[in-house]
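Structure file my_file.cif (mmCIF, C-alpha atoms and all ligand atoms) follows.
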```cif
data_query
loop_
_atom_site.label_atom_id
_atom_site.label_comp_id
_atom_site.auth_asym_id
_atom_site.auth_seq_id
_atom_site.Cartn_x
_atom_site.Cartn_y
_atom_site.Cartn_z
CA MET A 1 -29.22 64.33 79.48
CA ASN A 2 -31.15 64.43 76.26
CA THR A 3 -32.90 61.55 74.59
CA ILE A 4 -30.92 61.17 71.38
CA LYS A 5 -31.43 57.61 70.14
CA ALA A 6 -30.39 57.89 66.50
CA CYS A 7 -27.71 59.64 64.48
CA ILE A 8 -28.48 60.44 60.84
CA PHE A 9 -25.47 61.26 58.73
CA ASP A 10 -25.21 63.09 55.46
CA LEU A 11 -22.52 61.43 53.33
CA ASP A 12 -20.79 63.91 51.00
CA GLY A 13 -18.68 66.28 53.08
CA VAL A 14 -19.49 64.64 56.42
CA ILE A 15 -18.26 61.04 56.22
CA VAL A 16 -16.21 61.29 53.04
CA ASP A 17 -14.73 64.28 51.25
CA THR A 18 -16.65 63.76 48.01
CA ALA A 19 -17.83 67.40 48.15
CA VAL A 20 -14.46 68.17 46.54
CA TYR A 21 -15.14 65.72 43.68
CA HIS A 22 -18.61 67.18 43.10
CA TYR A 23 -17.04 70.66 42.95
CA LYS A 24 -14.32 69.55 40.50
CA ALA A 25 -16.80 67.84 38.18
CA TRP A 26 -19.26 70.77 38.17
CA LYS A 27 -16.41 73.24 37.65
CA ARG A 28 -15.18 71.20 34.68
CA LEU A 29 -18.69 71.25 33.23
CA ALA A 30 -19.07 75.02 33.71
CA ASN A 31 -15.63 75.60 32.20
CA SER A 32 -16.59 73.47 29.19
CA LEU A 33 -19.54 75.83 28.70
CA GLY A 34 -17.25 78.87 28.88
CA PHE A 35 -17.74 80.18 32.41
CA ASP A 36 -16.73 79.54 36.02
CA PHE A 37 -18.29 79.80 39.47
CA THR A 38 -16.85 80.56 42.88
CA ALA A 39 -16.23 78.40 45.95
CA HIS A 40 -18.80 80.62 47.68
CA GLU A 41 -21.42 79.81 45.03
CA ASN A 42 -20.47 76.14 45.37
CA GLU A 43 -21.78 76.17 48.96
CA GLN A 44 -25.27 76.46 47.47
CA LEU A 45 -24.75 73.17 45.58
CA LYS A 46 -24.02 71.13 48.70
CA GLY A 47 -26.86 68.81 49.61
CA VAL A 48 -28.75 69.85 46.49
CA SER A 49 -29.85 67.28 43.89
CA ARG A 50 -27.93 66.77 40.63
CA VAL A 51 -30.74 68.26 38.52
CA ARG A 52 -31.16 71.32 40.75
CA SER A 53 -27.38 71.85 40.93
CA LEU A 54 -27.19 72.00 37.13
CA GLN A 55 -30.05 74.52 36.99
CA LEU A 56 -28.27 76.76 39.50
CA ILE A 57 -24.95 76.55 37.64
CA LEU A 58 -26.52 77.31 34.26
CA GLY A 59 -28.22 80.29 35.89
CA TRP A 60 -24.88 81.62 37.22
CA GLY A 61 -23.39 81.33 33.74
CA GLY A 62 -26.43 82.88 32.09
CA VAL A 63 -26.65 79.80 29.87
CA VAL A 64 -30.00 78.48 28.64
CA LYS A 65 -30.32 74.79 27.71
CA THR A 66 -33.26 72.62 26.67
CA GLN A 67 -34.35 69.78 28.94
CA ALA A 68 -32.70 67.25 26.60
CA GLU A 69 -29.43 69.21 26.67
CA GLN A 70 -29.61 69.45 30.47
CA ASP A 71 -29.99 65.67 30.68
CA VAL A 72 -26.82 65.23 28.59
CA LEU A 73 -24.90 67.73 30.77
CA ALA A 74 -26.02 66.11 34.05
CA THR A 75 -25.00 62.70 32.71
CA GLN A 76 -21.61 64.06 31.64
CA LYS A 77 -20.98 65.56 35.08
CA ASN A 78 -21.97 62.29 36.74
CA GLU A 79 -19.59 60.31 34.50
CA TRP A 80 -16.68 62.55 35.52
CA TYR A 81 -17.77 62.32 39.16
CA VAL A 82 -18.19 58.52 39.13
CA ASP A 83 -14.80 58.22 37.48
CA MET A 84 -13.28 60.03 40.47
CA ILE A 85 -15.19 58.16 43.19
CA SER A 86 -14.58 54.76 41.58
CA HIS A 87 -10.99 55.07 42.82
CA MET A 88 -11.96 55.88 46.42
CA GLN A 89 -10.26 54.00 49.24
CA PRO A 90 -11.07 53.54 52.95
CA ASN A 91 -8.35 56.11 53.72
CA GLU A 92 -10.65 58.77 52.24
CA ILE A 93 -13.05 58.50 55.16
CA LEU A 94 -12.88 61.90 56.86
CA PRO A 95 -10.93 62.11 60.15
CA GLY A 96 -12.91 60.94 63.15
CA ALA A 97 -15.88 59.63 61.16
CA LYS A 98 -15.22 55.93 61.69
CA LYS A 99 -14.32 56.42 65.34
CA PHE A 100 -17.56 58.31 65.99
CA LEU A 101 -19.60 55.67 64.12
CA ASP A 102 -17.99 53.06 66.39
CA GLN A 103 -18.90 55.12 69.46
CA CYS A 104 -22.50 55.41 68.27
CA ARG A 105 -22.66 51.69 67.78
CA SER A 106 -21.16 50.97 71.21
CA ALA A 107 -23.66 53.36 72.79
CA GLY A 108 -26.53 51.44 71.15
CA LEU A 109 -27.62 54.36 68.99
CA LYS A 110 -29.30 53.72 65.67
CA ILE A 111 -27.31 54.89 62.64
CA ALA A 112 -28.88 56.07 59.39
CA LEU A 113 -27.64 57.67 56.20
CA GLY A 114 -29.58 60.61 54.78
CA SER A 115 -27.98 61.64 51.50
CA ALA A 116 -29.22 63.26 48.30
CA SER A 117 -26.69 61.29 46.27
CA LYS A 118 -27.70 58.49 43.95
CA ASN A 119 -24.09 57.28 44.20
CA SER A 120 -24.20 56.76 48.00
CA MET A 121 -24.11 52.96 47.92
CA MET A 122 -21.09 52.89 45.63
CA ILE A 123 -19.17 55.28 47.89
CA LEU A 124 -20.03 53.39 51.10
CA GLU A 125 -18.91 50.15 49.44
CA LYS A 126 -15.63 51.68 48.23
CA VAL A 127 -14.72 52.96 51.69
CA GLY A 128 -16.07 49.87 53.49
CA LEU A 129 -18.75 51.50 55.67
CA VAL A 130 -21.98 49.87 54.44
CA ASN A 131 -22.34 47.63 57.49
CA TYR A 132 -22.40 50.50 59.97
CA PHE A 133 -25.82 51.66 58.82
CA ASP A 134 -29.15 50.38 60.13
CA ALA A 135 -30.84 52.30 57.30
CA ILE A 136 -29.62 53.91 54.10
CA ILE A 137 -31.84 56.59 52.59
CA ASP A 138 -30.28 58.08 49.46
CA GLY A 139 -31.20 60.00 46.32
CA ASN A 140 -32.86 56.92 44.84
CA LYS A 141 -35.35 56.74 47.70
CA VAL A 142 -36.61 60.31 47.96
CA SER A 143 -38.74 62.48 45.73
CA LYS A 144 -38.22 65.82 47.49
CA ALA A 145 -34.72 67.27 47.78
CA LYS A 146 -33.23 68.99 50.85
CA PRO A 147 -34.24 71.49 52.31
CA ASP A 148 -37.37 69.32 52.32
CA PRO A 149 -37.04 67.03 55.38
CA GLU A 150 -38.18 63.88 53.50
CA VAL A 151 -34.76 62.16 53.44
CA PHE A 152 -34.25 62.55 57.21
CA LEU A 153 -37.85 61.72 58.14
CA LYS A 154 -37.54 58.51 56.11
CA GLY A 155 -34.25 57.77 57.89
CA ALA A 156 -35.85 58.26 61.32
CA GLU A 157 -38.81 56.12 60.34
CA ALA A 158 -36.58 53.37 58.97
CA VAL A 159 -34.73 53.06 62.29
CA GLY A 160 -37.95 53.46 64.31
CA ILE A 161 -36.95 56.58 66.26
CA PRO A 162 -39.12 59.75 66.52
CA PRO A 163 -37.57 62.82 64.78
CA GLY A 164 -37.18 64.68 68.10
CA GLU A 165 -34.81 61.95 69.31
CA CYS A 166 -32.60 62.10 66.20
CA VAL A 167 -29.56 64.25 65.47
CA VAL A 168 -28.52 65.04 61.91
CA PHE A 169 -24.90 65.66 60.89
CA GLU A 170 -24.70 67.90 57.81
CA ASP A 171 -22.22 70.06 55.88
CA ALA A 172 -24.86 71.75 53.72
CA ILE A 173 -27.06 74.74 54.48
CA ALA A 174 -29.94 72.95 52.70
CA GLY A 175 -29.33 69.89 54.90
CA ILE A 176 -29.41 71.84 58.17
CA GLU A 177 -32.65 73.51 57.02
CA ALA A 178 -34.08 70.08 56.16
CA ALA A 179 -33.22 68.64 59.58
CA ILE A 180 -34.66 71.64 61.41
CA ALA A 181 -37.84 71.37 59.31
CA GLY A 182 -38.01 67.70 60.33
CA GLY A 183 -37.83 68.60 64.02
CA MET A 184 -34.39 67.10 64.59
CA LYS A 185 -31.28 68.26 66.43
CA THR A 186 -28.51 69.44 64.11
CA VAL A 187 -24.73 69.33 64.05
CA GLY A 188 -23.16 71.37 61.25
CA ILE A 189 -19.88 70.11 59.83
CA GLY A 190 -18.00 73.11 58.44
CA SER A 191 -17.80 76.77 59.31
CA PRO A 192 -20.11 78.63 61.73
CA GLU A 193 -20.46 81.47 59.18
CA VAL A 194 -22.14 79.06 56.77
CA LEU A 195 -23.94 76.72 59.18
CA GLY A 196 -24.91 79.13 61.96
CA ASP A 197 -28.45 77.75 62.24
CA ALA A 198 -27.23 74.37 63.52
CA ASP A 199 -27.39 73.55 67.26
CA LEU A 200 -23.65 72.89 67.21
CA VAL A 201 -21.02 73.51 64.50
CA LEU A 202 -17.82 71.47 64.32
CA SER A 203 -15.01 71.48 61.78
CA GLY A 204 -15.31 67.68 61.47
CA LEU A 205 -16.56 64.52 63.16
CA SER A 206 -13.15 64.22 64.84
CA GLU A 207 -14.42 66.93 67.23
CA MET A 208 -17.63 65.05 68.06
CA THR A 209 -17.98 63.20 71.36
CA MET A 210 -20.70 61.37 73.27
CA LYS A 211 -20.56 64.20 75.82
CA LYS A 212 -21.40 66.79 73.16
CA LEU A 213 -24.19 64.54 71.91
CA ALA A 214 -25.66 64.41 75.41
CA GLN A 215 -25.56 68.22 75.63
CA LEU A 216 -27.50 68.87 72.42
C1 LIG A 301 -25.30 65.52 47.74
C2 LIG A 301 -24.19 66.47 47.38
O1 LIG A 301 -24.90 64.69 48.78
O2 LIG A 301 -25.67 64.72 46.62
C3 LIG A 301 -24.57 67.31 46.18
O3 LIG A 301 -23.93 67.32 48.48
C4 LIG A 301 -24.96 66.38 45.03
O4 LIG A 301 -23.48 68.12 45.82
C5 LIG A 301 -26.09 65.46 45.47
O5 LIG A 301 -25.39 67.15 43.91
C6 LIG A 301 -26.51 64.49 44.38
O6 LIG A 301 -25.46 63.59 44.15
P1 LIG A 301 -25.36 62.57 42.94
O7 LIG A 301 -24.17 61.72 43.30
O8 LIG A 301 -26.64 61.78 42.92
O9 LIG A 301 -25.17 63.39 41.71
MG MG A 302 -23.08 66.94 52.21
#
```
Show how you would write the structure in this file as structure tokens.
Amino acid sequence: MNTIKACIFDLDGVIVDTAVYHYKAWKRLANSLGFDFTAHENEQLKGVSRVRSLQLILGWGGVVKTQAEQDVLATQKNEWYVDMISHMQPNEILPGAKKFLDQCRSAGLKIALGSASKNSMMILEKVGLVNYFDAIIDGNKVSKAKPDPEVFLKGAEAVGIPPGECVVFEDAIAGIEAAIAGGMKTVGIGSPEVLGDADLVLSGLSEMTMKKLAQL
């Protein structure tokens, strides 16, 4: 038996499928600037802040913009994104996520959110999950983006559990790196080719069980 006492969840791509909405909005922005990027390149945007994502995309397109222009572009992308997530419903919670959150709660584990998104609260409210979390650390509460461990260390601190007794659930390479840097156990949500550094990789939370948690 291990000593896991807290589960820290990323939001986009782990609890809800908003990774798709981020991709659509960024793709629309790139297309409006006259270029495109691949699904493979998109993997690098997962878990990464809005500002950093834009810089990466502009780099792929070989497009140079001033800081003021970048601010306008990031705001435009967010407007398209918020427009999509404002219609979210509880049925957009990813399979198995709610069931596993219930199991964590029944087992007396602390539950925290560790997301780069400044829209986290809105999404959790739309899908009706706010009350599951003992702590919510989002993009408004951190100054250093993943792969810096700040977001997860703040989550662990907020629920009063040492990092070594926390497990992080993440769909992003940057997120797995952040959790490892923070000294936490890691469960990758996605493909083993992308998330091979995680302690365990699952296709979704529907595959997660208390038994697997105990074996981490
Ligand atoms: C992360 C997403 O959760 O949040 C990234 O994986 C996104 O794709 C980042 O860029 C910031 O989100 P937002 O909603 O603040 O633009
Ligand atoms: Mg994510």
Could you produce a table of the residues of chain A lying within 10 Å of ligand LIG 301 (chain A), with the nearest pair of atoms per residue and their separation in Å rounded to one decimal, using only C-alpha atoms and all ligand atoms, ordered by chain and increasing residue number, as a tab-separated table?
```
residue	atom	partner	partner_atom	distance
A:Asp10	CA	A:LIG301	O1	6.9
A:Leu11	CA	A:LIG301	O1	6.1
A:Asp12	CA	A:LIG301	O1	4.7
A:Gly13	CA	A:LIG301	O3	7.1
A:Val14	CA	A:LIG301	O1	9.4
A:Thr18	CA	A:LIG301	C2	8.0
A:Ala19	CA	A:LIG301	O3	6.1
A:Val20	CA	A:LIG301	O4	9.0
A:Tyr21	CA	A:LIG301	O4	8.9
A:His22	CA	A:LIG301	O4	5.7
A:Tyr23	CA	A:LIG301	O4	7.5
A:Trp26	CA	A:LIG301	O4	9.1
A:Asn42	CA	A:LIG301	O4	8.6
A:Glu43	CA	A:LIG301	O4	8.8
A:Gln44	CA	A:LIG301	O4	8.7
A:Leu45	CA	A:LIG301	O4	5.2
A:Lys46	CA	A:LIG301	O3	3.8
A:Gly47	CA	A:LIG301	O3	3.5
A:Val48	CA	A:LIG301	C3	4.9
A:Ser49	CA	A:LIG301	C6	4.4
A:Arg50	CA	A:LIG301	O5	4.2
A:Val51	CA	A:LIG301	O5	7.7
A:Arg52	CA	A:LIG301	O5	7.8
A:Ser53	CA	A:LIG301	O5	5.9
A:Leu54	CA	A:LIG301	O5	8.5
A:Ala74	CA	A:LIG301	O9	8.2
A:Thr75	CA	A:LIG301	O9	9.0
A:Lys77	CA	A:LIG301	O9	8.1
A:Asn78	CA	A:LIG301	O9	6.0
A:Glu79	CA	A:LIG301	O9	9.6
A:Tyr81	CA	A:LIG301	O7	7.6
A:Val82	CA	A:LIG301	O7	8.0
A:Ile85	CA	A:LIG301	O7	9.7
A:Gly114	CA	A:LIG301	O1	8.6
A:Ser115	CA	A:LIG301	O1	5.1
A:Ala116	CA	A:LIG301	O2	4.2
A:Ser117	CA	A:LIG301	O6	3.4
A:Lys118	CA	A:LIG301	O8	3.6
A:Asn119	CA	A:LIG301	O7	4.5
A:Ser120	CA	A:LIG301	O7	6.8
A:Met121	CA	A:LIG301	O7	9.9
A:Met122	CA	A:LIG301	O7	9.6
A:Ile123	CA	A:LIG301	O7	9.4
A:Asp138	CA	A:LIG301	O8	8.3
A:Gly139	CA	A:LIG301	O8	6.0
A:Asn140	CA	A:LIG301	O8	8.1
A:Ala145	CA	A:LIG301	C5	9.1
A:Lys146	CA	A:LIG301	C1	9.2
A:Glu170	CA	A:LIG301	O3	9.4
A:Asp171	CA	A:LIG301	O3	8.1
A:Ala172	CA	A:LIG301	O3	6.9
A:Ala174	CA	A:LIG301	O3	9.3
A:Gly175	CA	A:LIG301	O3	8.8
```
Open item on the list: Considering only C-alpha atoms, can you say which of A:Pro95, A:Gly182, A:Gly61, A:Pro147 comes closest to A:Leu205?
Closed with: A:Pro95
Task: Residue nearest ligand MG 302 (chain A) among A:Val16, A:Leu200, A:Ile4, A:Val127 (counting all atoms listed in the file) - done: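 Counting all atoms listed in the file, the residue closest to ligand MG 302 (chain A) is A:Val16.
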Open item on the list: Taking (-30.0, 72.5, 58.1) as a centre in this file's frame and 10 Å as the limit, can you find every polymer residue with an atom that close, using all atoms listed in the file, and give them as a ChimeraX atom specification?
Closed with: /A:47,146-149,168-182,184-188,195-199
Quick test: take stretch 95-215 of chain A, keep C-alpha atoms, and write it as a short mmCIF file (atom, residue, chain, number, x, y, z; two decimals), in the first residue's frame.
```cif
data_model
loop_
_atom_site.label_atom_id
_atom_site.label_comp_id
_atom_site.auth_asym_id
_atom_site.auth_seq_id
_atom_site.Cartn_x
_atom_site.Cartn_y
_atom_site.Cartn_z
CA PRO A 95 -16.42 9.20 -18.94
CA GLY A 96 -15.53 7.93 -15.49
CA ALA A 97 -14.45 11.31 -14.11
CA LYS A 98 -17.42 11.85 -11.81
CA LYS A 99 -17.41 8.24 -10.64
CA PHE A 100 -13.72 8.42 -9.75
CA LEU A 101 -14.21 11.76 -7.94
CA ASP A 102 -16.97 10.07 -5.92
CA GLN A 103 -14.64 7.17 -5.09
CA CYS A 104 -11.93 9.60 -3.96
CA ARG A 105 -14.41 11.35 -1.74
CA SER A 106 -15.69 8.09 -0.25
CA ALA A 107 -12.11 7.01 0.43
CA GLY A 108 -11.49 10.25 2.34
CA LEU A 109 -8.89 11.53 -0.11
CA LYS A 110 -8.40 15.25 -0.58
CA ILE A 111 -9.30 16.54 -4.03
CA ALA A 112 -7.64 19.53 -5.69
CA LEU A 113 -7.71 21.13 -9.11
CA GLY A 114 -4.42 22.13 -10.71
CA SER A 115 -5.16 23.85 -14.01
CA ALA A 116 -3.43 26.50 -16.10
CA SER A 117 -6.78 27.80 -17.30
CA LYS A 118 -8.17 31.14 -16.21
CA ASN A 119 -11.59 29.81 -17.25
CA SER A 120 -11.54 26.85 -14.81
CA MET A 121 -14.21 28.18 -12.46
CA MET A 122 -16.64 28.85 -15.30
CA ILE A 123 -16.19 25.31 -16.66
CA LEU A 124 -16.59 23.64 -13.25
CA GLU A 125 -19.76 25.66 -12.67
CA LYS A 126 -21.19 24.76 -16.09
CA VAL A 127 -20.68 21.04 -15.55
CA GLY A 128 -21.66 21.16 -11.86
CA LEU A 129 -18.41 19.91 -10.27
CA VAL A 130 -17.30 22.87 -8.12
CA ASN A 131 -18.31 21.24 -4.85
CA TYR A 132 -16.08 18.20 -5.33
CA PHE A 133 -12.92 20.21 -4.83
CA ASP A 134 -11.27 20.96 -1.49
CA ALA A 135 -8.98 23.40 -3.32
CA ILE A 136 -9.04 25.01 -6.75
CA ILE A 137 -5.73 26.31 -8.08
CA ASP A 138 -6.10 27.75 -11.57
CA GLY A 139 -4.39 30.12 -13.99
CA ASN A 140 -5.43 33.11 -11.91
CA LYS A 141 -3.50 31.84 -8.89
CA VAL A 142 -0.13 30.93 -10.36
CA SER A 143 2.71 32.96 -11.80
CA LYS A 144 4.77 30.12 -13.28
CA ALA A 145 3.25 27.89 -15.97
CA LYS A 146 3.63 24.10 -16.23
CA PRO A 147 6.19 22.45 -16.50
CA ASP A 148 6.97 24.51 -13.40
CA PRO A 149 5.43 22.59 -10.46
CA GLU A 150 3.93 25.73 -8.82
CA VAL A 151 0.28 24.92 -9.61
CA PHE A 152 0.50 21.41 -8.11
CA LEU A 153 2.62 22.45 -5.11
CA LYS A 154 0.02 25.11 -4.31
CA GLY A 155 -2.72 22.48 -4.67
CA ALA A 156 -0.93 20.11 -2.27
CA GLU A 157 -0.33 22.93 0.19
CA ALA A 158 -3.95 24.07 0.01
CA VAL A 159 -5.22 20.61 0.99
CA GLY A 160 -2.43 20.15 3.57
CA ILE A 161 -0.85 17.01 2.07
CA PRO A 162 2.91 16.63 1.35
CA PRO A 163 3.74 16.38 -2.40
CA GLY A 164 5.02 12.79 -2.01
CA GLU A 165 1.54 11.71 -0.90
CA CYS A 166 -0.22 13.32 -3.88
CA VAL A 167 -1.02 11.92 -7.30
CA VAL A 168 -1.53 14.18 -10.30
CA PHE A 169 -3.82 13.29 -13.22
CA GLU A 170 -2.69 15.02 -16.43
CA ASP A 171 -3.18 14.85 -20.21
CA ALA A 172 -0.30 17.20 -21.01
CA ILE A 173 3.41 16.47 -21.33
CA ALA A 174 4.11 19.79 -19.58
CA GLY A 175 1.77 18.74 -16.75
CA ILE A 176 3.44 15.37 -16.21
CA GLU A 177 6.83 17.13 -16.13
CA ALA A 178 5.45 19.64 -13.61
CA ALA A 179 4.12 16.90 -11.31
CA ILE A 180 7.39 14.95 -11.47
CA ALA A 181 9.32 18.15 -10.70
CA GLY A 182 7.01 18.63 -7.70
CA GLY A 183 7.82 15.14 -6.39
CA MET A 184 4.35 13.72 -6.98
CA LYS A 185 3.06 10.46 -8.43
CA THR A 186 1.66 10.83 -11.95
CA VAL A 187 -1.15 9.32 -13.97
CA GLY A 188 -1.14 10.30 -17.65
CA ILE A 189 -4.50 10.53 -19.39
CA GLY A 190 -3.92 9.87 -23.08
CA SER A 191 -1.48 7.80 -25.08
CA PRO A 192 1.67 6.12 -23.71
CA GLU A 193 3.65 7.43 -26.72
CA VAL A 194 3.00 10.99 -25.56
CA LEU A 195 2.92 10.53 -21.78
CA GLY A 196 5.50 7.79 -21.30
CA ASP A 197 7.15 9.52 -18.33
CA ALA A 198 4.06 9.09 -16.13
CA ASP A 199 3.94 6.30 -13.50
CA LEU A 200 0.78 4.99 -15.15
CA VAL A 201 -0.94 5.93 -18.43
CA LEU A 202 -4.67 5.42 -18.97
CA SER A 203 -6.92 6.36 -21.87
CA GLY A 204 -9.33 8.04 -19.43
CA LEU A 205 -10.43 8.24 -15.80
CA SER A 206 -12.96 5.49 -16.57
CA GLU A 207 -9.98 3.10 -16.33
CA MET A 208 -8.88 4.41 -12.92
CA THR A 209 -9.61 2.42 -9.77
CA MET A 210 -8.73 2.61 -6.08
CA LYS A 211 -6.67 -0.57 -6.60
CA LYS A 212 -4.52 1.14 -9.25
CA LEU A 213 -4.15 4.14 -6.95
CA ALA A 214 -2.87 1.87 -4.19
CA GLN A 215 -0.31 0.34 -6.57
#
```
